[in-house]
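protein39.cif (mmCIF, C-alpha atoms and all ligand atoms) appears below.
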data_work
#
loop_
_atom_site.label_atom_id
_atom_site.label_comp_id
_atom_site.auth_asym_id
_atom_site.auth_seq_id
_atom_site.Cartn_x
_atom_site.Cartn_y
_atom_site.Cartn_z
CA MET A 1 -11.65 2.19 -23.84
CA ASN A 2 -11.66 -1.34 -22.39
CA ASP A 3 -12.18 0.14 -18.95
CA LYS A 4 -15.21 2.09 -20.14
CA ARG A 5 -16.74 -0.94 -21.83
CA ALA A 6 -16.16 -3.05 -18.73
CA VAL A 7 -17.87 -0.47 -16.51
CA LEU A 8 -20.85 -0.18 -18.87
CA SER A 9 -21.30 -3.94 -19.03
CA ALA A 10 -21.49 -4.11 -15.23
CA LEU A 11 -24.16 -1.40 -15.24
CA SER A 12 -26.50 -3.56 -17.28
CA GLN A 13 -26.21 -6.59 -14.98
CA ARG A 14 -28.94 -7.72 -12.62
CA TRP A 15 -26.72 -7.76 -9.51
CA LEU A 16 -24.96 -4.42 -9.08
CA THR A 17 -23.09 -5.45 -5.98
CA GLY A 18 -21.89 -8.81 -4.69
CA GLY A 19 -22.30 -10.39 -8.14
CA PRO A 20 -20.22 -12.33 -10.69
CA LYS A 21 -17.73 -9.55 -11.52
CA THR A 22 -16.51 -9.33 -7.93
CA LEU A 23 -16.06 -13.08 -7.83
CA ARG A 24 -14.10 -13.00 -11.09
CA PHE A 25 -11.97 -10.09 -9.93
CA GLU A 26 -11.15 -12.02 -6.74
CA GLN A 27 -10.23 -15.16 -8.71
CA SER A 28 -7.98 -13.25 -11.14
CA PHE A 29 -6.38 -11.36 -8.29
CA ALA A 30 -5.66 -14.53 -6.28
CA ALA A 31 -4.06 -16.05 -9.41
CA GLN A 32 -1.97 -12.90 -9.97
CA ILE A 33 -0.61 -12.93 -6.41
CA GLY A 34 -0.32 -16.71 -6.18
CA VAL A 35 -2.57 -17.24 -3.14
CA LYS A 36 -5.63 -19.37 -2.47
CA TYR A 37 -7.99 -16.55 -1.48
CA ALA A 38 -8.58 -12.93 -2.45
CA ILE A 39 -11.40 -11.00 -0.78
CA ALA A 40 -12.47 -7.73 -2.42
CA VAL A 41 -13.33 -4.78 -0.18
CA ASN A 42 -14.01 -1.07 -0.61
CA SER A 43 -10.52 0.21 0.37
CA CYS A 44 -7.14 -0.87 1.70
CA THR A 45 -8.12 0.80 4.97
CA SER A 46 -11.03 -1.68 5.20
CA ALA A 47 -8.72 -4.53 4.14
CA LEU A 48 -6.28 -3.73 6.94
CA HIS A 49 -9.11 -3.37 9.47
CA LEU A 50 -10.67 -6.68 8.39
CA ALA A 51 -7.31 -8.45 8.45
CA MET A 52 -6.82 -7.30 12.05
CA ARG A 53 -10.34 -8.44 12.98
CA ALA A 54 -9.83 -11.80 11.25
CA LEU A 55 -6.59 -12.23 13.19
CA ASN A 56 -8.44 -11.56 16.46
CA VAL A 57 -6.57 -8.36 17.26
CA GLY A 58 -8.20 -6.68 20.23
CA PRO A 59 -7.67 -4.65 23.40
CA GLY A 60 -4.37 -5.36 25.14
CA ASP A 61 -2.62 -6.41 21.92
CA GLU A 62 0.33 -4.59 20.41
CA ILE A 63 0.98 -4.48 16.68
CA ILE A 64 4.35 -3.35 15.33
CA VAL A 65 4.13 -0.95 12.35
CA PRO A 66 6.69 1.26 10.61
CA THR A 67 6.61 4.95 11.50
CA LEU A 68 7.11 5.94 7.84
CA THR A 69 3.74 5.04 6.40
CA PHE A 70 0.24 6.29 5.71
CA VAL A 71 -1.94 6.54 8.81
CA ALA A 72 -4.27 3.68 7.76
CA THR A 73 -1.51 1.13 8.48
CA ALA A 74 -1.55 1.97 12.19
CA ASN A 75 -5.23 2.91 12.46
CA ALA A 76 -6.37 -0.63 11.67
CA ALA A 77 -4.93 -1.82 14.99
CA ILE A 78 -6.40 1.17 16.87
CA LEU A 79 -9.85 0.51 15.38
CA CYS A 80 -9.68 -2.97 16.93
CA GLY A 81 -8.76 -1.54 20.35
CA ALA A 82 -5.09 -2.54 20.04
CA LYS A 83 -1.99 -0.37 20.26
CA PRO A 84 0.34 0.27 17.33
CA VAL A 85 3.99 0.19 18.37
CA LEU A 86 6.16 2.10 15.94
CA ALA A 87 9.42 0.82 14.51
CA ASP A 88 12.08 2.75 12.62
CA VAL A 89 12.83 2.23 8.92
CA ASP A 90 15.82 0.88 7.05
CA GLU A 91 17.86 3.65 5.45
CA ARG A 92 18.32 1.78 2.15
CA THR A 93 14.78 0.55 1.50
CA LEU A 94 12.83 3.07 3.63
CA CYS A 95 10.74 0.05 4.69
CA ILE A 96 10.39 -1.19 8.29
CA SER A 97 13.78 -2.02 9.82
CA ALA A 98 14.03 -5.71 10.72
CA LYS A 99 16.66 -4.68 13.30
CA ASP A 100 14.26 -2.31 15.03
CA ILE A 101 11.43 -4.88 15.18
CA LEU A 102 13.18 -7.06 17.77
CA PRO A 103 13.46 -4.43 20.55
CA LYS A 104 9.79 -3.49 19.98
CA ILE A 105 8.49 -6.99 20.73
CA SER A 106 6.84 -7.40 24.15
CA ALA A 107 4.67 -10.07 25.78
CA ARG A 108 1.67 -8.24 24.29
CA THR A 109 2.90 -8.23 20.68
CA LYS A 110 0.58 -10.16 18.40
CA GLY A 111 1.82 -9.25 14.97
CA ILE A 112 3.73 -7.02 12.58
CA VAL A 113 2.32 -4.96 9.73
CA VAL A 114 5.00 -4.31 7.13
CA VAL A 115 4.65 -1.74 4.35
CA HIS A 116 6.37 -2.26 1.00
CA TYR A 117 7.08 1.46 0.86
CA ALA A 118 6.82 3.08 -2.59
CA GLY A 119 6.59 -0.41 -4.12
CA GLN A 120 9.91 -1.67 -2.74
CA PRO A 121 9.57 -5.04 -0.98
CA CYS A 122 10.69 -5.13 2.67
CA ASP A 123 13.48 -7.40 3.98
CA MET A 124 11.01 -10.28 4.16
CA ASP A 125 13.49 -13.12 4.93
CA GLU A 126 14.61 -11.40 8.12
CA ILE A 127 11.10 -10.27 9.09
CA LEU A 128 9.49 -13.67 8.50
CA SER A 129 12.23 -15.38 10.47
CA ILE A 130 11.66 -13.04 13.47
CA ALA A 131 7.90 -13.59 13.21
CA LYS A 132 8.29 -17.36 13.12
CA LYS A 133 10.58 -17.41 16.17
CA LYS A 134 8.27 -15.12 18.15
CA LYS A 135 5.02 -16.64 16.83
CA LEU A 136 3.71 -13.38 15.38
CA PHE A 137 1.55 -12.83 12.32
CA VAL A 138 2.83 -10.70 9.45
CA VAL A 139 0.33 -8.60 7.51
CA GLU A 140 1.77 -7.03 4.37
CA ASP A 141 0.42 -3.57 3.60
CA CYS A 142 0.72 -3.81 -0.19
CA ALA A 143 -1.05 -0.51 -0.93
CA HIS A 144 2.04 0.53 -2.96
CA SER A 145 3.28 -2.81 -4.16
CA LEU A 146 0.90 -4.56 -6.57
CA GLY A 147 3.19 -6.45 -8.95
CA ALA A 148 6.31 -6.10 -6.77
CA LYS A 149 8.24 -9.29 -6.18
CA TYR A 150 10.57 -10.62 -3.51
CA GLY A 151 12.55 -13.28 -5.31
CA ARG A 152 9.91 -15.15 -7.27
CA HIS A 153 7.12 -14.31 -4.86
CA GLU A 154 4.59 -11.53 -5.27
CA THR A 155 4.15 -9.21 -2.32
CA GLY A 156 0.90 -10.15 -0.64
CA SER A 157 1.80 -13.86 -0.77
CA LEU A 158 4.68 -13.80 1.70
CA GLY A 159 3.02 -13.05 5.03
CA THR A 160 -0.12 -14.24 6.83
CA ALA A 161 -2.24 -11.85 4.74
CA GLY A 162 -1.76 -9.01 2.24
CA CYS A 163 -3.81 -5.81 1.89
CA PHE A 164 -3.99 -3.89 -1.40
CA SER A 165 -5.35 -0.48 -2.42
CA PHE A 166 -7.02 0.49 -5.70
CA TYR A 167 -7.15 4.23 -5.01
CA PRO A 168 -6.70 6.27 -8.26
CA THR A 169 -2.95 6.83 -7.86
CA LYS A 170 -2.21 3.14 -7.22
CA ASN A 171 -0.78 0.58 -9.69
CA ILE A 172 -4.34 -0.37 -10.68
CA THR A 173 -7.52 1.47 -9.72
CA THR A 174 -11.17 0.77 -9.04
CA LEU A 175 -11.50 4.47 -8.03
CA GLU A 176 -11.78 3.33 -4.41
CA GLY A 177 -11.22 -0.29 -3.51
CA GLY A 178 -9.03 -2.88 -1.85
CA MET A 179 -8.27 -6.59 -1.56
CA ILE A 180 -7.14 -9.02 1.13
CA THR A 181 -4.99 -11.94 -0.01
CA THR A 182 -4.23 -15.02 2.06
CA ASP A 183 -3.66 -18.77 1.99
CA ASN A 184 -5.41 -19.11 5.35
CA SER A 185 -9.02 -20.31 4.99
CA ASN A 186 -10.04 -19.02 8.44
CA ILE A 187 -8.86 -15.49 7.64
CA ALA A 188 -10.62 -15.64 4.27
CA LYS A 189 -13.90 -16.89 5.79
CA SER A 190 -13.82 -14.32 8.54
CA ALA A 191 -13.04 -11.44 6.14
CA MET A 192 -15.84 -12.52 3.80
CA LEU A 193 -18.30 -12.65 6.66
CA LEU A 194 -17.31 -9.37 8.30
CA ARG A 195 -17.28 -7.32 5.09
CA ASN A 196 -21.02 -7.97 4.72
CA HIS A 197 -22.40 -7.27 8.22
CA ALA A 198 -21.47 -10.82 9.34
CA MET A 199 -24.71 -12.01 7.75
CA SER A 200 -24.94 -15.79 7.53
CA ARG A 201 -26.40 -15.62 4.00
CA SER A 202 -25.86 -13.13 1.20
CA ALA A 203 -28.77 -11.66 -0.79
CA GLN A 204 -27.95 -13.84 -3.82
CA ASN A 205 -27.74 -16.94 -1.67
CA ARG A 206 -31.12 -16.20 -0.04
CA GLU A 207 -32.66 -15.66 -3.45
CA SER A 208 -31.14 -18.81 -4.98
CA ILE A 209 -32.42 -21.06 -2.17
CA GLY A 210 -35.74 -19.25 -1.88
CA ASN A 211 -35.36 -18.50 1.80
CA TRP A 212 -35.37 -14.93 3.15
CA TYR A 213 -33.87 -15.76 6.56
CA TYR A 214 -30.37 -14.79 7.70
CA ASP A 215 -28.62 -14.75 11.04
CA VAL A 216 -25.92 -12.27 12.15
CA MET A 217 -22.83 -13.98 13.51
CA ASP A 218 -20.60 -11.10 14.70
CA LEU A 219 -20.21 -7.32 14.58
CA GLY A 220 -19.67 -6.74 10.87
CA ASP A 221 -19.59 -3.76 8.55
CA ASN A 222 -20.29 -2.79 4.95
CA PHE A 223 -16.89 -3.07 3.29
CA ARG A 224 -18.24 -4.39 -0.04
CA LEU A 225 -16.79 -3.61 -3.47
CA ASN A 226 -19.53 -3.13 -6.08
CA GLU A 227 -19.80 -4.74 -9.53
CA ILE A 228 -18.84 -1.60 -11.47
CA GLN A 229 -15.64 -1.26 -9.44
CA SER A 230 -14.93 -4.99 -9.85
CA ALA A 231 -15.43 -4.80 -13.63
CA LEU A 232 -12.94 -1.93 -13.73
CA GLY A 233 -10.58 -3.95 -11.53
CA ILE A 234 -10.66 -6.95 -13.91
CA SER A 235 -9.95 -4.70 -16.88
CA GLN A 236 -7.14 -2.85 -15.07
CA LEU A 237 -5.56 -6.05 -13.74
CA ARG A 238 -5.19 -7.31 -17.33
CA ARG A 239 -2.96 -4.30 -18.00
CA LEU A 240 -0.99 -4.46 -14.74
CA ARG A 241 2.14 -5.94 -16.28
CA THR A 242 2.20 -3.34 -19.07
CA MET A 243 1.47 -0.44 -16.73
CA ASN A 244 4.12 -1.56 -14.22
CA ALA A 245 6.65 -1.91 -17.05
CA MET A 246 5.87 1.70 -18.03
CA ARG A 247 6.42 2.81 -14.42
CA ALA A 248 9.71 0.85 -14.27
CA ARG A 249 10.88 2.46 -17.52
CA ALA A 250 10.10 5.93 -16.18
CA ALA A 251 12.00 5.08 -12.98
CA ARG A 252 15.03 3.91 -14.97
CA VAL A 253 15.11 7.16 -16.93
CA TYR A 254 14.86 9.25 -13.76
CA THR A 255 17.62 7.22 -12.10
CA LYS A 256 19.91 7.46 -15.13
CA ILE A 257 19.57 11.23 -15.43
CA LEU A 258 19.67 11.94 -11.69
CA ALA A 259 22.79 9.81 -11.18
CA SER A 260 24.82 12.82 -12.29
CA VAL A 261 23.10 15.28 -9.93
CA LYS A 262 25.09 15.78 -6.74
CA GLY A 263 22.94 15.57 -3.62
CA ILE A 264 20.01 13.66 -5.12
CA LEU A 265 19.85 10.10 -3.85
CA THR A 266 17.76 7.82 -6.11
CA PRO A 267 15.79 4.77 -4.87
CA TYR A 268 17.66 1.70 -3.68
CA GLU A 269 17.65 -1.15 -6.19
CA ALA A 270 17.95 -4.51 -4.49
CA GLY A 271 19.11 -7.59 -6.41
CA LYS A 272 16.37 -10.10 -5.71
CA ARG A 273 13.49 -7.63 -5.65
CA THR A 274 11.22 -6.15 -8.29
CA HIS A 275 10.11 -2.64 -7.31
CA ALA A 276 6.54 -1.72 -8.37
CA TYR A 277 7.33 2.03 -8.48
CA HIS A 278 4.00 3.21 -7.18
CA LEU A 279 6.16 6.15 -6.05
CA TYR A 280 9.55 7.41 -7.19
CA VAL A 281 11.04 8.81 -3.98
CA VAL A 282 14.38 10.62 -3.98
CA ARG A 283 16.31 12.07 -1.05
CA VAL A 284 17.50 15.67 -1.29
CA LEU A 285 20.76 15.95 0.68
CA LYS A 286 20.84 19.65 1.48
CA ASP A 287 24.59 20.02 2.09
CA GLU A 288 25.49 18.43 -1.22
CA PHE A 289 22.57 19.63 -3.34
CA GLY A 290 22.68 23.22 -2.11
CA LEU A 291 18.93 23.48 -1.37
CA SER A 292 16.75 21.76 1.21
CA ARG A 293 13.93 19.43 0.19
CA ASP A 294 11.39 22.12 1.10
CA GLU A 295 13.22 24.78 -0.93
CA LEU A 296 13.42 22.47 -3.94
CA TYR A 297 9.76 21.45 -3.50
CA THR A 298 8.61 25.10 -3.55
CA ARG A 299 10.65 25.95 -6.64
CA LEU A 300 9.54 22.91 -8.60
CA VAL A 301 5.88 23.48 -7.71
CA GLN A 302 6.28 27.06 -9.02
CA ARG A 303 7.45 25.52 -12.31
CA GLY A 304 4.25 23.49 -12.60
CA ILE A 305 5.56 20.15 -11.33
CA GLY A 306 3.26 18.04 -9.12
CA LEU A 307 5.19 16.64 -6.15
CA SER A 308 4.48 15.16 -2.76
CA VAL A 309 6.13 13.95 0.43
CA HIS A 310 5.48 10.39 1.61
CA TYR A 311 5.19 10.67 4.61
CA THR A 312 5.40 12.68 7.77
CA PRO A 313 6.42 9.84 10.15
CA LEU A 314 3.53 8.83 12.42
CA HIS A 315 5.49 9.67 15.60
CA ARG A 316 5.46 13.32 14.50
CA LEU A 317 1.68 13.55 14.00
CA THR A 318 -0.51 14.99 16.78
CA PHE A 319 -2.97 12.10 17.07
CA TYR A 320 -0.29 9.46 17.61
CA LYS A 321 1.80 11.65 19.95
CA LYS A 322 -1.08 12.92 22.08
CA PHE A 323 -3.71 10.22 22.02
CA VAL A 324 -2.05 6.95 21.08
CA GLY A 325 0.99 7.63 23.27
CA VAL A 326 3.54 6.35 20.78
CA HIS A 327 7.09 6.82 21.93
CA GLY A 328 10.65 5.81 21.11
CA ASN A 329 13.52 7.01 18.98
CA PHE A 330 13.37 6.86 15.23
CA PRO A 331 16.78 8.17 14.12
CA VAL A 332 16.52 6.97 10.51
CA ALA A 333 12.97 8.22 9.91
CA ASP A 334 13.90 11.57 11.52
CA LYS A 335 17.00 11.81 9.34
CA VAL A 336 15.33 10.96 6.03
CA TYR A 337 11.97 12.69 6.56
CA PRO A 338 13.23 16.21 5.73
CA GLU A 339 14.92 14.81 2.61
CA LEU A 340 12.11 12.78 1.00
CA LEU A 341 10.58 14.00 -2.23
CA SER A 342 8.20 12.03 -4.46
CA LEU A 343 8.66 12.94 -8.14
CA PRO A 344 5.81 12.50 -10.65
CA ILE A 345 5.42 8.91 -11.84
CA TYR A 346 2.53 7.14 -13.56
CA PRO A 347 2.34 4.75 -16.53
CA ALA A 348 1.54 7.40 -19.13
CA ILE A 349 4.28 9.85 -18.06
CA ARG A 350 6.20 10.92 -21.15
CA MET A 351 9.98 11.02 -21.49
CA LYS A 352 9.68 14.75 -22.26
CA GLN A 353 7.97 15.27 -18.92
CA ILE A 354 10.69 13.36 -17.05
CA GLU A 355 13.31 15.43 -18.90
CA TYR A 356 11.49 18.61 -17.88
CA VAL A 357 11.37 17.56 -14.21
CA THR A 358 15.04 16.59 -14.11
CA GLU A 359 16.13 19.71 -16.05
CA GLN A 360 14.27 21.89 -13.57
CA ILE A 361 15.94 20.07 -10.66
CA MET A 362 19.33 20.81 -12.25
CA LYS A 363 18.40 24.44 -12.91
CA CYS A 364 17.34 24.89 -9.27
CA GLN A 365 20.71 23.52 -8.20
CA ALA A 366 22.61 25.76 -10.61
CA SER A 367 20.99 28.93 -9.22
CA PRO A 368 20.25 28.21 -5.53
C1 LIG B 1 0.70 2.43 2.83
C2 LIG B 1 -0.77 2.63 2.72
N1 LIG B 1 -1.61 1.85 3.41
C3 LIG B 1 -2.94 1.99 3.33
C4 LIG B 1 -3.52 2.95 2.55
C5 LIG B 1 -5.01 3.09 2.51
O1 LIG B 1 -5.51 2.83 1.25
P1 LIG B 1 -7.01 3.22 0.82
O2 LIG B 1 -6.98 4.65 0.38
O3 LIG B 1 -7.34 2.28 -0.29
O4 LIG B 1 -7.87 3.01 2.01
C6 LIG B 1 -2.70 3.79 1.80
C7 LIG B 1 -3.30 4.82 0.94
O5 LIG B 1 -2.70 5.53 0.23
C8 LIG B 1 -1.30 3.64 1.88
O6 LIG B 1 -0.48 4.42 1.19
#
What would you get if you wrote out this structure as structure tokens?
Amino acid sequence: MNDKRAVLSALSQRWLTGGPKTLRFEQSFAAQIGVKYAIAVNSCTSALHLAMRALNVGPGDEIIVPTLTFVATANAAILCGAKPVLADVDERTLCISAKDILPKISARTKGIVVVHYAGQPCDMDEILSIAKKKKLFVVEDCAHSLGAKYGRHETGSLGTAGCFSFYPTKNITTLEGGMITTDNSNIAKSAMLLRNHAMSRSAQNRESIGNWYYDVMDLGDNFRLNEIQSALGISQLRRLRTMNAMRARAARVYTKILASVKGILTPYEAGKRTHAYHLYVVRVLKDEFGLSRDELYTRLVQRGIGLSVHYTPLHRLTFYKKFVGVHGNFPVADKVYPELLSLPIYPAIRMKQIEYVTEQIMKCQASP
């Protein structure tokens, strides 16, 4: 109900885009993450692209990204004319492997994009120490990890910049939307400029000073978030803690029940990290479970359960193999990929539904 009221109030404002709600959403978001700047954009894809632009990524540069991610993580570098270099993932966290970053660094490497996969923070101490030694930037792809913490720090406040998604399945939604977080004023200024066609003055600014003129400072784009989306974002952000607690509770119930199922490996729980549980990803170990991931997927879908696989590793997708020329060995990603299964998780999931999912998993195992 609060969401609906918030959306309606934005509809009756004078400025429908680039107005006060977006500014307020940015301020609340920066406070939530614990950074100086938050810049609202229309998707995480745009946030990643703008972060690369603001960090002067261009032709000849190499950017290290994990192979187990959504395509947007790597595409941001490609859109700037740079080359993504894929790294393998860590078998515990399923996030980028700090060990595999080192051999991927060349004289052309400019930065690393890490992905807090499923909502699980990466091994940031190790990654930040490598980046510092090698003078590389670290962009955190936080599409899954709003509210996740590494020690006391929110993801999105640890690296050079963070990029968030507000797609409907994410921890909060603005239907479509994204945010860049940073403590770096140059990155913030550049992102703010480029999201609005690199125009020297916004429409509101021109109106307030009574001067129609603007200059164009660079090649920009329209990556703006509108006022209705921002109003929804403010309302959703107020409930983030509650909604993430509901996700965490659901995850605990899954983990408790599935602990007794042979061949189902539940998500890694690391001491100093708070998982945001955007996804609840298990591994189906065929030899022990008795069915492969694909066999289990088909049977559960037939029983009305909505499932997914996150993700086919990038090095197995046609575009990256054929046109980007990615290469290398990814033994962990290749090992875990056929085992990954994302079970239903969202704040309003009921215990009965979790019991149904886990019961069906057990039934499938009992009659393979
Ligand atoms: C890891 C990751 N990065 C980036 C994105 C892109 O987000 P958006 O849909 O907001 O552009 C997604 C989308 O699901 C994602 O999962």
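Among the candidate residues A:Gly263, A:Gly58, A:Gly177, A:Pro331, the one lying nearest to Glu91 of chain A is A:Pro331, with distances computed using all atoms listed in the file.
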- Message: as an MDAnalysis selection string, please: the residues near Lys286 of chain A (cut-off 12 Å, all atoms listed in the file, same-chain neighbours under 2 positions excluded).
- Response: chainID A and resid 262:265 283:284 288:296 335:336 338:340 365 368
Write as a PDB file with C-alpha atoms, in the frame of the given file the residues around ligand LIG 1 (chain B), taking 10 Å as the cut-off and counting only C-alpha atoms and all ligand atoms.
ATOM      1  CA  VAL A  41     -13.330  -4.780  -0.180  1.00  0.00           C
ATOM      2  CA  ASN A  42     -14.010  -1.070  -0.610  1.00  0.00           C
ATOM      3  CA  SER A  43     -10.520   0.210   0.370  1.00  0.00           C
ATOM      4  CA  CYS A  44      -7.140  -0.870   1.700  1.00  0.00           C
ATOM      5  CA  THR A  45      -8.120   0.800   4.970  1.00  0.00           C
ATOM      6  CA  SER A  46     -11.030  -1.680   5.200  1.00  0.00           C
ATOM      7  CA  ALA A  47      -8.720  -4.530   4.140  1.00  0.00           C
ATOM      8  CA  LEU A  48      -6.280  -3.730   6.940  1.00  0.00           C
ATOM      9  CA  HIS A  49      -9.110  -3.370   9.470  1.00  0.00           C
ATOM     10  CA  PRO A  66       6.690   1.260  10.610  1.00  0.00           C
ATOM     11  CA  LEU A  68       7.110   5.940   7.840  1.00  0.00           C
ATOM     12  CA  THR A  69       3.740   5.040   6.400  1.00  0.00           C
ATOM     13  CA  PHE A  70       0.240   6.290   5.710  1.00  0.00           C
ATOM     14  CA  VAL A  71      -1.940   6.540   8.810  1.00  0.00           C
ATOM     15  CA  ALA A  72      -4.270   3.680   7.760  1.00  0.00           C
ATOM     16  CA  THR A  73      -1.510   1.130   8.480  1.00  0.00           C
ATOM     17  CA  ALA A  74      -1.550   1.970  12.190  1.00  0.00           C
ATOM     18  CA  ASN A  75      -5.230   2.910  12.460  1.00  0.00           C
ATOM     19  CA  ALA A  76      -6.370  -0.630  11.670  1.00  0.00           C
ATOM     20  CA  VAL A 114       5.000  -4.310   7.130  1.00  0.00           C
ATOM     21  CA  VAL A 115       4.650  -1.740   4.350  1.00  0.00           C
ATOM     22  CA  HIS A 116       6.370  -2.260   1.000  1.00  0.00           C
ATOM     23  CA  TYR A 117       7.080   1.460   0.860  1.00  0.00           C
ATOM     24  CA  ALA A 118       6.820   3.080  -2.590  1.00  0.00           C
ATOM     25  CA  GLY A 119       6.590  -0.410  -4.120  1.00  0.00           C
ATOM     26  CA  GLU A 140       1.770  -7.030   4.370  1.00  0.00           C
ATOM     27  CA  ASP A 141       0.420  -3.570   3.600  1.00  0.00           C
ATOM     28  CA  CYS A 142       0.720  -3.810  -0.190  1.00  0.00           C
ATOM     29  CA  ALA A 143      -1.050  -0.510  -0.930  1.00  0.00           C
ATOM     30  CA  HIS A 144       2.040   0.530  -2.960  1.00  0.00           C
ATOM     31  CA  SER A 145       3.280  -2.810  -4.160  1.00  0.00           C
ATOM     32  CA  CYS A 163      -3.810  -5.810   1.890  1.00  0.00           C
ATOM     33  CA  PHE A 164      -3.990  -3.890  -1.400  1.00  0.00           C
ATOM     34  CA  SER A 165      -5.350  -0.480  -2.420  1.00  0.00           C
ATOM     35  CA  PHE A 166      -7.020   0.490  -5.700  1.00  0.00           C
ATOM     36  CA  TYR A 167      -7.150   4.230  -5.010  1.00  0.00           C
ATOM     37  CA  PRO A 168      -6.700   6.270  -8.260  1.00  0.00           C
ATOM     38  CA  THR A 169      -2.950   6.830  -7.860  1.00  0.00           C
ATOM     39  CA  LYS A 170      -2.210   3.140  -7.220  1.00  0.00           C
ATOM     40  CA  THR A 173      -7.520   1.470  -9.720  1.00  0.00           C
ATOM     41  CA  THR A 174     -11.170   0.770  -9.040  1.00  0.00           C
ATOM     42  CA  LEU A 175     -11.500   4.470  -8.030  1.00  0.00           C
ATOM     43  CA  GLU A 176     -11.780   3.330  -4.410  1.00  0.00           C
ATOM     44  CA  GLY A 177     -11.220  -0.290  -3.510  1.00  0.00           C
ATOM     45  CA  GLY A 178      -9.030  -2.880  -1.850  1.00  0.00           C
ATOM     46  CA  MET A 179      -8.270  -6.590  -1.560  1.00  0.00           C
ATOM     47  CA  HIS A 278       4.000   3.210  -7.180  1.00  0.00           C
ATOM     48  CA  LEU A 279       6.160   6.150  -6.050  1.00  0.00           C
ATOM     49  CA  HIS A 310       5.480  10.390   1.610  1.00  0.00           C
ATOM     50  CA  TYR A 311       5.190  10.670   4.610  1.00  0.00           C
TER      51      TYR A 311
END
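Atom pair atom CA of Ser157 of chain A / atom CA of Ala251 of chain A: separated by 24.7 Å.
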- Item | Long-range neighbours of Gln13 of chain A as a count of residues only, 9 Å cut-off, all atoms listed in the file, 4 positions minimum in chain | 3
- Mind listing whatever residues come within 12 Å of the point (18.5, -5.3, 11.4)? Use all atoms listed in the file, file coordinates, and give them as a PyMOL selection string. chain A and resi 87-92+95-103+122-127+129-130
